[in-house]
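S.K.: First, the structure itself, so that you have it in front of you.
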Amino acid sequence: MGKPMRKLGQRAIVNAEVFLDNVKVPVANRLGDEGQGFYGLMRTFDASRTLIGAATTGLSRAALDLATTYAKERQQFGVPIIDHQAVAFRLADMATKVDISRLLTMRAAQLFDAGEDVTSEAAMAKLVGSENAMWCTWAAVQTLGGWGYSQEFLAEKWLRDAKLEEIEEGTSDIQRLVISRRLARS
């Protein structure tokens with residue numbers, strides 16, 4: 001194994017390279033048919049991308065909850081900052097993005113559970129969920145101002161953690177490629 005990677009976020013998960021030199025796996029231990037590993041991996045992505053959609057929806061929701069609570073408590077010019085239009089509109093956008101992510105993820109999960117081909121729907125759930133999580137965590141940091149940038153609140157950690165969600169299980173560009181290829185074939 002290689003040395004653990006030093007990462008921007010998601011530091012509780014240890015990642016390291018694994019080297020498999022001169023490894024032989026007996027046929028009895030092979031997963032799937034010979035030459036079909038790539039296709040098995042692609043099918044696994046349907047489940048894992050849907051799960052990322054769910055995880056990122058939760059991350060977005062947590063950011064919204066934190067920002068909303070803070071905006072109701074923090075006073076500026078004699079009123080809670082939630083009463084200021086710029087803050088209120090940001091929170092409204094966050095709530096909308098949370099719901100969009102939730103609905104796309106629920107659709108992908110329901111189709112997956114029904115045994116349907118969900119390659120495109122899973123890619124949409126992952127794409128929208130991860131990009132919305134990045135935006136919502138940024139918006140939480142903005143709403144909290146200086147406190148959002150400090151380690152006193154979880155907003156800055158969530159922002160760092162959200163970035164990986166746009167990258168793992170295929171970047172946002174790959175999700176767009178998967179979706180567009182499905183459109184080209186339909």
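Numbering starts fresh at 1 for the residues of each chain in the structure tokens, the chains themselves are lettered A, B, ... in the order given, and ligands are numbered from 1 as they appear.
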Excluding same-chain residues fewer than 5 positions from region 141-153 of chain A, what lies within 7 Å of it counting only C-alpha atoms, as a PyMOL selection string?
M.R.: chain A and resi 67+70+87
S.K.: Let me see the file: selected residues, C-alpha atoms, as a PDB file, in the first residue's frame.
M.R.:
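Saved as selection-v1.pdb:
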ATOM      1  CA  ALA A  67     -27.766  28.726   7.450  1.00  0.00           C
ATOM      2  CA  TYR A  70     -28.088  31.275  11.906  1.00  0.00           C
ATOM      3  CA  VAL A  87     -30.008  36.421   2.531  1.00  0.00           C
TER       4      VAL A  87
END
S.K.: Give me the residues within 12 Å of region 33-45 of chain A as a list in words, counting only C-alpha atoms and dropping any in the same chain fewer than 6 places off.
M.R.: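 So, after excluding close chain neighbours, the residues are Val25, Pro26, Val27, Leu51, Ile52, Gly53, Phe112, Gly115, Glu116, Asp117, Val118, Thr119, Ser120, Glu121, Ala122, Ala123, Ala125, Lys126, Glu168, Glu169, Gly170, Ile174, Gln175 and Val178 of chain A.
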S.K.: Between CA of Ala140 (chain A) and CA of Asp99 (chain A), what is the spacing in Å?
M.R.: 16.3 Å
S.K.: When you draw a straight line from CA of Lys72 (chain A) to CA of Ala155 (chain A), how long is it in Å?
M.R.: 16.4 Å
S.K.: Could you list, as a PyMOL selection string, every residue within 9 Å of Trp135 (chain A), counting only C-alpha atoms and ignoring same-chain residues fewer than 3 positions away?
M.R.: chain A and resi 60+94+97+130-132+138-140+159+162
S.K.: Could you make a table, as JSON lines, of the residues of region 108-168 of chain A that have an atom within 8 Å of an atom of region 10-16 of chain A, each with its nearest atom pair and distance in Å to one decimal, counting only C-alpha atoms, in chain and number order?
M.R.:
{"residue": "A:Arg160", "atom": "CA", "partner": "A:Gln10", "partner_atom": "CA", "distance": 7.4}
{"residue": "A:Asp161", "atom": "CA", "partner": "A:Gln10", "partner_atom": "CA", "distance": 5.0}
{"residue": "A:Leu164", "atom": "CA", "partner": "A:Gln10", "partner_atom": "CA", "distance": 7.7}
S.K.: Just list the residues in region 44-180 of chain A DSSP gives alpha helix (DSSP H) on the backbone, as a VMD selection string.
M.R.: chain A and resid 44 to 73 85 to 113 119 to 144 146 to 149 155 to 165 172 to 180
S.K.: Give me the residues within 10 Å of Gly58 (chain A) as a ChimeraX atom specification, counting only C-alpha atoms and dropping any in the same chain fewer than 2 places off.
M.R.: /A:52-56,60-64,98,101-102,129,133
S.K.: Looking only at strand (DSSP E or B) from DSSP on the backbone, list the matching residues of region 68-140 of chain A as a list in words.
M.R.: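 Strand (DSSP E or B) members of region 68-140 of chain A, listed: Gln75, Gln76, Val79 and Pro80 of chain A.
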S.K.: Find, counting only C-alpha atoms, the residue in A:Leu183, A:Lys7, A:Met1, A:Asp46 that gets nearest to Leu111 (chain A).
M.R.: A:Asp46
S.K.: Rank nothing, just name the residue among A:Lys163, A:Met124, A:Pro80, A:Met134 nearest to Arg107 (chain A), using only C-alpha atoms.
M.R.: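 Selected residue with least distance to Arg107 (chain A): A:Met124.
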S.K.: Can you measure CA of His84 (chain A) to CA of Lys157 (chain A) for me? One decimal in Å is fine.
M.R.: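 Going from CA of His84 (chain A) over to CA of Lys157 (chain A), I get 25.9 Å.
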